[in-house]
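Enquirer: Compact mmCIF, C-alpha atoms and all ligand atoms, file data.txt:
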# COMPACT_ATOMS: atom_id res chain seq x y z
CA MET G 1 -111.88 154.16 -74.37
CA GLU G 2 -110.36 153.61 -70.91
CA VAL G 3 -113.47 154.50 -68.95
CA ILE G 4 -115.52 151.93 -70.89
CA ASP G 5 -112.90 149.17 -70.36
CA HIS G 6 -112.95 149.78 -66.62
CA LEU G 7 -116.73 149.95 -66.35
CA ILE G 8 -117.45 146.74 -68.25
CA ALA G 9 -114.73 144.85 -66.36
CA THR G 10 -116.17 145.78 -62.95
CA ASP G 11 -116.19 142.52 -61.01
CA ILE G 12 -119.46 142.96 -59.12
CA GLY G 13 -120.05 139.21 -59.03
CA GLY G 14 -116.60 138.76 -57.42
CA ARG G 15 -115.62 135.91 -59.73
CA GLY G 16 -111.98 136.87 -60.17
CA VAL G 17 -112.25 138.56 -63.55
CA GLU G 18 -110.67 141.72 -62.10
CA LYS G 19 -107.31 139.95 -61.83
CA LEU G 20 -107.47 138.81 -65.45
CA TYR G 21 -108.50 142.27 -66.59
CA LEU G 22 -105.79 144.23 -64.75
CA LYS G 23 -103.04 142.00 -66.10
CA TYR G 24 -104.45 142.06 -69.61
CA LYS G 25 -105.08 145.81 -69.67
CA LEU G 26 -101.38 146.52 -68.98
CA LYS G 27 -100.30 144.11 -71.67
CA ARG G 28 -102.77 145.24 -74.32
CA PRO G 29 -104.20 148.69 -73.42
CA GLN G 30 -105.91 149.34 -76.77
CA TYR G 31 -107.91 146.14 -77.02
CA LEU G 32 -111.37 147.71 -77.08
CA SER G 33 -110.49 150.20 -79.76
CA ASN G 34 -108.69 147.45 -81.72
CA ALA G 35 -111.86 145.34 -81.57
CA ALA G 36 -113.91 148.32 -82.77
CA ASN G 37 -111.46 148.82 -85.65
CA ILE G 38 -111.98 145.22 -86.75
CA LEU G 39 -115.78 145.67 -86.74
CA LEU G 40 -115.68 149.03 -88.50
CA SER G 41 -113.66 147.54 -91.34
CA SER G 42 -115.93 144.45 -91.65
CA GLU G 43 -119.03 144.36 -93.84
CA ARG G 44 -120.41 140.92 -92.90
CA VAL G 45 -120.09 139.84 -89.30
CA LEU G 46 -120.94 136.45 -87.76
CA ILE G 47 -121.77 136.68 -84.05
CA VAL G 48 -121.70 133.40 -82.12
CA SER G 49 -123.20 132.92 -78.66
CA ASP G 50 -124.24 129.73 -76.87
CA PHE G 51 -123.22 128.61 -73.40
CA PRO G 52 -124.92 125.43 -72.11
CA ILE G 53 -124.86 125.14 -68.32
CA PRO G 54 -124.16 121.69 -66.85
CA PRO G 55 -125.59 119.34 -65.76
CA SER G 56 -128.82 120.11 -67.68
CA MET G 57 -126.96 121.80 -70.61
CA THR G 58 -129.61 124.51 -70.68
CA PRO G 59 -128.31 127.70 -72.34
CA GLU G 60 -127.66 130.68 -70.07
CA THR G 61 -128.84 134.28 -70.20
CA ASP G 62 -125.34 135.72 -70.52
CA GLY G 63 -124.27 136.06 -74.16
CA PRO G 64 -127.40 136.20 -76.36
CA PRO G 65 -128.50 139.70 -75.19
CA GLY G 66 -125.00 140.98 -75.97
CA ALA G 67 -125.07 139.26 -79.37
CA LEU G 68 -128.38 140.96 -80.14
CA ALA G 69 -127.20 144.42 -79.01
CA LEU G 70 -124.09 144.11 -81.18
CA ALA G 71 -126.06 142.81 -84.20
CA LEU G 72 -128.53 145.72 -83.94
CA ALA G 73 -125.69 148.25 -83.67
CA LEU G 74 -123.86 146.83 -86.69
CA THR G 75 -127.11 146.84 -88.69
CA SER G 76 -127.59 150.53 -87.79
CA LEU G 77 -124.13 151.15 -89.23
CA GLY G 78 -125.24 149.58 -92.52
CA LYS G 79 -123.42 146.29 -92.00
CA SER G 80 -124.75 142.77 -92.17
CA ALA G 81 -124.69 140.79 -88.91
CA THR G 82 -125.78 137.17 -88.48
CA ILE G 83 -126.24 135.55 -85.06
CA LEU G 84 -125.38 131.84 -84.75
CA THR G 85 -126.73 129.99 -81.71
CA GLN G 86 -128.76 126.92 -80.72
CA ASP G 87 -132.50 126.42 -81.47
CA ILE G 88 -134.05 127.47 -78.17
CA VAL G 89 -132.04 130.73 -78.11
CA ALA G 90 -132.67 131.42 -81.81
CA ASP G 91 -136.44 131.04 -81.40
CA ALA G 92 -136.48 133.69 -78.66
CA LEU G 93 -134.10 136.08 -80.45
CA LYS G 94 -136.14 135.94 -83.67
CA ASP G 95 -138.79 138.14 -81.99
CA PHE G 96 -136.15 140.89 -81.91
CA TYR G 97 -133.93 140.23 -84.92
CA ARG G 98 -134.37 138.52 -88.26
CA ASP G 99 -130.92 137.19 -89.12
CA VAL G 100 -130.48 134.36 -86.60
CA ILE G 101 -129.22 130.95 -87.74
CA THR G 102 -128.61 127.60 -86.04
CA LYS G 103 -126.67 125.71 -88.74
CA PHE G 104 -122.93 126.23 -88.98
CA PRO G 105 -122.34 128.42 -92.05
CA ASN G 106 -119.38 128.64 -94.41
CA ILE G 107 -117.20 131.17 -92.59
CA GLU G 108 -115.68 132.40 -95.84
CA LYS G 109 -118.88 134.40 -96.35
CA TYR G 110 -117.91 136.61 -93.40
CA SER G 111 -115.33 139.34 -92.95
CA CYS G 112 -115.18 138.89 -89.17
CA LEU G 113 -116.31 136.45 -86.43
CA VAL G 114 -117.28 137.50 -82.91
CA SER G 115 -117.89 135.17 -79.96
CA ILE G 116 -119.80 136.35 -76.90
CA GLU G 117 -119.72 133.84 -74.05
CA THR G 118 -119.18 130.64 -76.03
CA PRO G 119 -117.06 127.77 -74.63
CA GLY G 120 -113.55 127.33 -76.01
CA ARG G 121 -111.79 123.97 -75.77
CA ALA G 122 -109.32 123.37 -72.96
CA ARG G 123 -105.92 121.69 -73.32
CA ASP G 124 -107.51 118.22 -73.33
CA GLY G 125 -109.90 119.18 -76.16
CA LYS G 126 -112.94 119.22 -73.84
CA TYR G 127 -115.12 122.12 -72.77
CA TYR G 128 -115.57 123.12 -69.14
CA SER G 129 -117.82 125.34 -67.09
CA PHE G 130 -116.47 128.01 -64.76
CA SER G 131 -116.76 125.50 -61.92
CA GLY G 132 -114.88 122.80 -63.86
CA LEU G 133 -117.81 120.63 -64.99
CA GLU G 134 -117.63 119.23 -68.51
CA ILE G 135 -119.92 120.89 -71.05
CA ARG G 136 -121.58 119.32 -74.07
CA VAL G 137 -121.60 121.99 -76.76
CA ARG G 138 -121.31 122.12 -80.54
CA PRO G 139 -117.75 122.96 -81.67
CA TYR G 140 -118.36 126.64 -82.36
CA ASP G 141 -114.70 127.22 -81.54
CA GLU G 142 -113.76 125.20 -84.63
CA LEU G 143 -115.16 128.08 -86.71
CA PHE G 144 -112.76 130.46 -84.96
CA LEU G 145 -109.80 128.13 -85.39
CA ASN G 146 -110.63 127.85 -89.10
CA ALA G 147 -111.07 131.61 -89.39
CA SER G 148 -107.56 132.15 -87.96
CA GLU G 149 -106.15 129.78 -90.55
CA LYS G 150 -107.94 131.71 -93.29
CA GLU G 151 -106.82 135.03 -91.79
CA ILE G 152 -110.40 136.15 -91.11
CA PRO G 153 -110.22 138.44 -88.05
CA THR G 154 -111.94 137.26 -84.87
CA ILE G 155 -113.05 138.84 -81.59
CA GLY G 156 -113.70 136.94 -78.36
CA ILE G 157 -115.69 138.31 -75.42
CA GLY G 158 -115.59 136.47 -72.10
CA ASP G 159 -115.78 136.80 -68.34
CA GLY G 160 -114.36 133.59 -66.92
CA GLY G 161 -111.36 132.20 -68.80
CA ASN G 162 -113.17 129.23 -70.36
CA GLU G 163 -114.56 131.08 -73.38
CA ILE G 164 -113.46 131.42 -77.03
CA GLY G 165 -110.74 134.10 -77.09
CA MET G 166 -109.41 133.51 -73.57
CA GLY G 167 -106.57 131.49 -75.12
CA ASN G 168 -104.95 134.90 -75.67
CA LEU G 169 -104.29 135.10 -71.92
CA GLU G 170 -102.40 131.76 -71.84
CA LEU G 171 -103.89 130.95 -68.44
CA LYS G 172 -102.49 128.00 -66.52
CA GLY G 173 -105.19 125.57 -65.47
CA ARG G 174 -106.90 122.60 -67.05
CA TYR G 175 -110.35 124.18 -67.47
CA TYR G 176 -109.25 127.33 -69.28
CA SER G 177 -109.82 127.88 -72.98
CA THR G 178 -106.89 127.57 -75.36
CA VAL G 179 -108.79 129.17 -78.26
CA ARG G 180 -107.26 132.43 -79.38
CA THR G 181 -108.87 135.31 -81.25
CA THR G 182 -107.36 138.31 -83.03
CA GLU G 183 -108.70 140.53 -80.24
CA LEU G 184 -110.10 139.72 -76.80
CA VAL G 185 -112.51 141.74 -74.65
CA ILE G 186 -112.69 140.89 -70.93
CA ALA G 187 -115.81 141.84 -68.98
CA GLY G 188 -117.39 141.32 -65.56
CA VAL G 189 -120.37 139.83 -67.42
CA SER G 190 -119.93 138.89 -71.10
CA ASN G 191 -123.04 140.86 -72.13
CA TRP G 192 -121.32 143.96 -70.74
CA GLY G 193 -118.36 143.29 -73.02
CA ALA G 194 -120.70 143.45 -76.01
CA TYR G 195 -122.45 146.57 -74.68
CA GLY G 196 -119.03 148.18 -74.12
CA LEU G 197 -118.08 147.40 -77.69
CA VAL G 198 -121.35 148.98 -78.88
CA ALA G 199 -120.50 152.05 -76.76
CA GLU G 200 -117.02 152.21 -78.31
CA LEU G 201 -118.54 151.97 -81.81
CA SER G 202 -121.05 154.68 -80.88
CA ILE G 203 -118.33 157.10 -79.78
CA ARG G 204 -116.25 156.38 -82.86
CA GLU G 205 -119.19 156.91 -85.20
CA GLY G 206 -120.73 159.81 -83.27
CA VAL G 207 -124.11 158.17 -82.83
CA ASN G 208 -125.60 156.40 -79.80
CA LEU G 209 -126.16 152.79 -80.93
CA LEU G 210 -127.10 151.51 -77.45
CA ARG G 211 -129.91 153.92 -76.50
CA GLU G 212 -132.76 151.85 -77.99
CA PHE G 213 -131.59 148.51 -76.59
CA ASP G 214 -134.09 147.10 -74.10
CA GLU G 215 -132.21 144.38 -72.23
CA LYS G 216 -135.06 143.65 -69.83
CA SER G 217 -137.50 142.56 -72.53
CA VAL G 218 -134.79 140.47 -74.23
CA VAL G 219 -133.80 138.63 -71.02
CA THR G 220 -137.47 138.16 -70.11
CA SER G 221 -138.16 136.54 -73.50
CA LEU G 222 -135.08 134.34 -73.23
CA VAL G 223 -136.15 133.12 -69.78
CA GLU G 224 -139.70 132.47 -71.04
CA ALA G 225 -138.12 130.36 -73.79
CA GLY G 226 -136.36 128.29 -71.10
CA LEU G 227 -132.91 129.87 -70.61
CA ILE G 228 -131.41 129.93 -67.12
CA ASP G 229 -129.10 132.15 -65.10
CA GLY G 230 -125.64 130.58 -65.51
CA ILE G 231 -124.69 131.12 -61.86
CA THR G 232 -127.90 130.38 -59.95
CA LYS G 233 -128.87 127.74 -62.58
CA LYS G 234 -132.47 128.88 -62.10
CA ARG G 235 -134.94 129.94 -64.74
CA GLU G 236 -135.17 133.53 -63.57
CA SER G 237 -134.76 136.97 -65.10
CA SER G 238 -131.18 137.60 -64.02
CA VAL G 239 -127.75 137.25 -65.62
CA ASP G 240 -124.70 135.74 -63.90
CA GLY G 241 -126.48 135.87 -60.55
CA LEU G 242 -127.02 139.63 -60.79
CA PRO G 243 -130.50 141.21 -60.91
CA LEU G 244 -131.73 142.94 -64.08
CA GLY G 245 -131.80 146.31 -62.29
CA LEU G 246 -128.02 146.20 -61.97
CA HIS G 247 -127.49 145.38 -65.65
CA GLU G 248 -129.84 148.24 -66.52
CA LYS G 249 -127.65 150.63 -64.53
CA ILE G 250 -124.50 149.50 -66.35
CA ILE G 251 -126.28 150.14 -69.66
CA SER G 252 -127.49 153.55 -68.52
CA LEU G 253 -123.95 154.50 -67.40
CA LEU G 254 -122.66 153.45 -70.83
CA ASN G 255 -125.40 155.56 -72.44
CA GLU G 256 -124.37 158.57 -70.34
CA ILE G 257 -120.73 158.11 -71.32
CA ILE G 258 -121.64 157.86 -75.01
CA ASP G 259 -123.79 160.97 -74.85
CA ILE G 260 -121.06 163.00 -73.12
CA LYS G 261 -118.42 161.87 -75.61
CA ILE G 262 -120.49 162.50 -78.74
CA ALA G 263 -122.03 165.79 -77.59
MG MG G 301 -118.41 133.02 -68.74
MG MG G 302 -121.07 135.24 -67.80
In structure tokens, what does this structure look like?
Expert:
Amino acid sequence: MEVIDHLIATDIGGRGVEKLYLKYKLKRPQYLSNAANILLSSERVLIVSDFPIPPSMTPETDGPPGALALALALTSLGKSATILTQDIVADALKDFYRDVITKFPNIEKYSCLVSIETPGRARDGKYYSFSGLEIRVRPYDELFLNASEKEIPTIGIGDGGNEIGMGNLELKGRYYSTVRTTELVIAGVSNWGAYGLVAELSIREGVNLLREFDEKSVVTSLVEAGLIDGITKKRESSVDGLPLGLHEKIISLLNEIIDIKIA
């Protein structure tokens, strides 16, 4: 739904995602509904999220909350959703959701793979941060490359250009991801991309799947576990340099939109 695309792509952090979004939206106007179609026709979904921030390689607060919101929504729709991430993130998410794994699974068990804010390899085969620093990360993107070969549909959600799925944009620049997905969702903050997808699913299914999601307690737990804000690089309850109050307002706007559309 157009209004959801625009809202989640709002570039409040001013990091240039607006330019990517406007170009992409013209080229592929139905991407959010296409991504929802993939999820609605999938029974077992693997959701991957893990973005280590250099130089400490501490995972960031953008990604895992979105992964959790999407997993909870899919579970409410009677589907099975597994979250794959690294240990420190998994430990914190397990307080909110049971099906969280850290070992790479056999992707053939899944009918769809989703990445939310996970690095995708650049042209030179390395992974880079938004500011061009090299990242040490497990090759989650390999799972997506293998899925494409096996014709398992994939969805990428990103906000910078260096994430799994951003290969679809064919961006010129040495730090950008080359990893393509069947469908790509661009957002101002990757979590918002996942929340937008949950809103789209809610409208399609006529039930609000976002209402119960409490982002504040999730981010607070993740920060207690040691995660950091990917922009400020500080261990504080914020995401991409934006305070929790702002994220809360995006979620409440999405909730209002869902409620109007399903009324
Ligand atoms: Mg990013
Ligand atoms: Mg981000």
Enquirer: Just the number, please: distance in Å from CA of Gly165 (chain G) to CA of Ile203 (chain G), one decimal.
Expert: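 CA of Ile203 (chain G) lies at a distance of 24.4 Å from CA of Gly165 (chain G).
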Enquirer: Around ligand MG 302 (chain G), which protein and nucleic acid residues have at least one atom no more than 7 Å from it, if we count all atoms listed in the file? List them as an mmCIF file with C-alpha atoms, keeping the file's coordinate frame.
Expert:
data_model
loop_
_atom_site.group_PDB
_atom_site.id
_atom_site.type_symbol
_atom_site.label_atom_id
_atom_site.label_comp_id
_atom_site.auth_asym_id
_atom_site.auth_seq_id
_atom_site.Cartn_x
_atom_site.Cartn_y
_atom_site.Cartn_z
ATOM 1 C CA ASP G 62 -125.340 135.720 -70.520
ATOM 2 C CA GLU G 117 -119.720 133.840 -74.050
ATOM 3 C CA ASP G 159 -115.780 136.800 -68.340
ATOM 4 C CA GLY G 160 -114.360 133.590 -66.920
ATOM 5 C CA VAL G 189 -120.370 139.830 -67.420
ATOM 6 C CA SER G 190 -119.930 138.890 -71.100
ATOM 7 C CA GLY G 230 -125.640 130.580 -65.510
ATOM 8 C CA ASP G 240 -124.700 135.740 -63.900
#
Enquirer: Provide the CA of Tyr127 (chain G) to CA of Asp229 (chain G) distance in Å, to one decimal place.
Expert: 18.8 Å
Enquirer: Could you work out how far CA of Gly156 (chain G) lies from CA of Asp5 (chain G), giving the answer in Å with one decimal?
Expert: 14.6 Å
Enquirer: Wanna dump the chain G-ligand MG 301 (chain G) contacts at 10 Å for me, each residue with its shortest atom pair and the distance in Å to one decimal, counting only C-alpha atoms and all ligand atoms, ordered by chain and number, as JSON lines?
Expert:
{"residue": "G:Arg15", "atom": "CA", "partner": "G:MG301", "partner_atom": "MG", "distance": 9.9}
{"residue": "G:Val17", "atom": "CA", "partner": "G:MG301", "partner_atom": "MG", "distance": 9.8}
{"residue": "G:Phe51", "atom": "CA", "partner": "G:MG301", "partner_atom": "MG", "distance": 8.0}
{"residue": "G:Glu60", "atom": "CA", "partner": "G:MG301", "partner_atom": "MG", "distance": 9.6}
{"residue": "G:Asp62", "atom": "CA", "partner": "G:MG301", "partner_atom": "MG", "distance": 7.6}
{"residue": "G:Gly63", "atom": "CA", "partner": "G:MG301", "partner_atom": "MG", "distance": 8.5}
{"residue": "G:Ile116", "atom": "CA", "partner": "G:MG301", "partner_atom": "MG", "distance": 8.9}
{"residue": "G:Glu117", "atom": "CA", "partner": "G:MG301", "partner_atom": "MG", "distance": 5.5}
{"residue": "G:Thr118", "atom": "CA", "partner": "G:MG301", "partner_atom": "MG", "distance": 7.7}
{"residue": "G:Pro119", "atom": "CA", "partner": "G:MG301", "partner_atom": "MG", "distance": 8.0}
{"residue": "G:Ser129", "atom": "CA", "partner": "G:MG301", "partner_atom": "MG", "distance": 7.9}
{"residue": "G:Phe130", "atom": "CA", "partner": "G:MG301", "partner_atom": "MG", "distance": 6.7}
{"residue": "G:Ile157", "atom": "CA", "partner": "G:MG301", "partner_atom": "MG", "distance": 8.9}
{"residue": "G:Gly158", "atom": "CA", "partner": "G:MG301", "partner_atom": "MG", "distance": 5.6}
{"residue": "G:Asp159", "atom": "CA", "partner": "G:MG301", "partner_atom": "MG", "distance": 4.6}
{"residue": "G:Gly160", "atom": "CA", "partner": "G:MG301", "partner_atom": "MG", "distance": 4.5}
{"residue": "G:Gly161", "atom": "CA", "partner": "G:MG301", "partner_atom": "MG", "distance": 7.1}
{"residue": "G:Asn162", "atom": "CA", "partner": "G:MG301", "partner_atom": "MG", "distance": 6.7}
{"residue": "G:Glu163", "atom": "CA", "partner": "G:MG301", "partner_atom": "MG", "distance": 6.3}
{"residue": "G:Ile164", "atom": "CA", "partner": "G:MG301", "partner_atom": "MG", "distance": 9.8}
{"residue": "G:Ile186", "atom": "CA", "partner": "G:MG301", "partner_atom": "MG", "distance": 10.0}
{"residue": "G:Ala187", "atom": "CA", "partner": "G:MG301", "partner_atom": "MG", "distance": 9.2}
{"residue": "G:Gly188", "atom": "CA", "partner": "G:MG301", "partner_atom": "MG", "distance": 8.9}
{"residue": "G:Val189", "atom": "CA", "partner": "G:MG301", "partner_atom": "MG", "distance": 7.2}
{"residue": "G:Ser190", "atom": "CA", "partner": "G:MG301", "partner_atom": "MG", "distance": 6.5}
{"residue": "G:Asn191", "atom": "CA", "partner": "G:MG301", "partner_atom": "MG", "distance": 9.7}
{"residue": "G:Gly230", "atom": "CA", "partner": "G:MG301", "partner_atom": "MG", "distance": 8.3}
{"residue": "G:Ile231", "atom": "CA", "partner": "G:MG301", "partner_atom": "MG", "distance": 9.5}
{"residue": "G:Asp240", "atom": "CA", "partner": "G:MG301", "partner_atom": "MG", "distance": 8.4}
Enquirer: Between G:Lys172, G:Arg204, G:Lys94, G:Lys27, which is the closest to Lys261 (chain G) once you count all atoms listed in the file?
Expert: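 Under the stated criterion, the closest residue is G:Arg204.
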Enquirer: Identify, on the basis of all atoms listed in the file, every residue whose closest approach to region 140-146 of chain G does not exceed 10 Å; exclude the query and any residue fewer than 4 positions from it along the same chain; express the result as a ChimeraX atom specification.
Expert: /G:48-50,84-85,104-108,112-115,118-121,150-156,163-165,177-182
Enquirer: Can you tell me, as a ChimeraX atom specification, what residues are no more than 10 Å from Asp214 (chain G) when counting only C-alpha atoms, ignoring any on the same chain fewer than 6 positions away?
Expert: /G:65,69,248,251
Enquirer: The residues within 9 Å of (-123.8, 145.5, -81.1), using all atoms listed in the file and the coordinates of the file, should be reported as a list of chain:residue names; which are they?
Expert: G:Gly66, G:Ala67, G:Leu68, G:Ala69, G:Leu70, G:Ala71, G:Leu72, G:Ala73, G:Leu74, G:Thr75, G:Ala194, G:Tyr195, G:Gly196, G:Leu197, G:Val198, G:Ala199, G:Leu201, G:Leu209, G:Leu210
Enquirer: List the residues sitting within 10 Å of (-131.7, 127.6, -88.1) in the file's frame, using all atoms listed in the file, as a list in words.
Expert: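 Taken together, the residues in range are Leu84, Thr85, Gln86, Asp87, Ala90, Asp91, Asp99, Val100, Ile101, Thr102, Lys103 and Phe104 of chain G.
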Enquirer: Taking all atoms of region 224-230 of chain G that the file lists, what box with edges along x, y and z, padded by 8 Å per side, do you get, with centre and edge lengths in Å to one decimal, as lines of an AutoDock Vina configuration file?
Expert:
center_x = -132.7
center_y = 130.4
center_z = -69.4
size_x = 30.1
size_y = 20.2
size_z = 24.7
Enquirer: Could you check which of G:Leu171, G:Thr220, G:Asn34, G:Lys109 is closest to Leu20 (chain G), using all atoms listed in the file?
Expert: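 Going through G:Leu171, G:Thr220, G:Asn34, G:Lys109 one by one, the smallest distance to Leu20 (chain G) is for G:Leu171.
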Enquirer: Go through G:Thr61, G:Leu7, G:Gly78, G:Arg28 and flag the residue nearest Glu236 (chain G), using all atoms listed in the file for the distances.
Expert: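 Of G:Thr61, G:Leu7, G:Gly78, G:Arg28, the one nearest Glu236 (chain G), counting all atoms listed in the file, is G:Thr61.
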Enquirer: Name the closest residue to Thr82 (chain G) among the candidates G:Leu133, G:Ala35, G:Val45, G:Met57; distances are taken between atoms, counting only C-alpha atoms.
Expert: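 Result for the nearest residue to Thr82 (chain G): G:Val45.
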Enquirer: Nearest residue to Arg211 (chain G) out of G:Ser252, G:Thr232, G:Thr58, G:Asn37, using all atoms listed in the file?
Expert: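 For Arg211 (chain G), the nearest of the given residues is G:Ser252.
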Enquirer: Identify which of the residues G:Leu32, G:Ile47, G:Ile135, G:Leu77 lies closest to Ile4 (chain G), counting all atoms listed in the file when measuring atom-to-atom distances.
Expert: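 Counting all atoms listed in the file, the residue closest to Ile4 (chain G) is G:Leu32.
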Enquirer: Could you pull region 161-200 of chain G out of the structure just shown and give C-alpha atoms as a compact mmCIF listing (two decimals), in the first residue's frame?
Expert:
# COMPACT_ATOMS: atom_id res chain seq x y z
CA GLY G 161 22.66 -0.08 0.21
CA ASN G 162 25.09 -2.49 1.88
CA GLU G 163 22.50 -5.07 2.96
CA ILE G 164 21.30 -8.40 1.52
CA GLY G 165 18.78 -7.54 -1.22
CA MET G 166 20.26 -4.17 -2.20
CA GLY G 167 21.93 -5.92 -5.16
CA ASN G 168 18.54 -5.45 -6.86
CA LEU G 169 19.30 -1.72 -7.15
CA GLU G 170 22.62 -2.31 -9.00
CA LEU G 171 24.20 0.63 -7.18
CA LYS G 172 27.57 1.87 -8.36
CA GLY G 173 30.10 2.02 -5.56
CA ARG G 174 32.53 -0.40 -3.98
CA TYR G 175 30.79 -0.72 -0.60
CA TYR G 176 27.32 -1.57 -1.90
CA SER G 177 25.85 -5.06 -1.69
CA THR G 178 25.66 -7.16 -4.83
CA VAL G 179 23.32 -9.72 -3.23
CA ARG G 180 19.94 -9.85 -4.89
CA THR G 181 16.63 -11.08 -3.49
CA THR G 182 13.34 -11.91 -5.19
CA GLU G 183 11.84 -8.79 -3.60
CA LEU G 184 13.43 -5.80 -1.88
CA VAL G 185 11.93 -3.44 0.71
CA ILE G 186 13.67 -0.08 1.25
CA ALA G 187 13.14 1.75 4.53
CA GLY G 188 14.43 4.78 6.44
CA VAL G 189 15.32 2.34 9.24
CA SER G 190 15.33 -1.40 8.46
CA ASN G 191 13.06 -2.19 11.44
CA TRP G 192 10.46 0.09 9.84
CA GLY G 193 10.65 -2.01 6.67
CA ALA G 194 9.67 -5.06 8.71
CA TYR G 195 6.92 -3.15 10.55
CA GLY G 196 5.62 -1.91 7.20
CA LEU G 197 5.52 -5.46 5.91
CA VAL G 198 3.58 -6.50 9.04
CA ALA G 199 1.16 -3.61 8.37
CA GLU G 200 0.74 -4.75 4.75
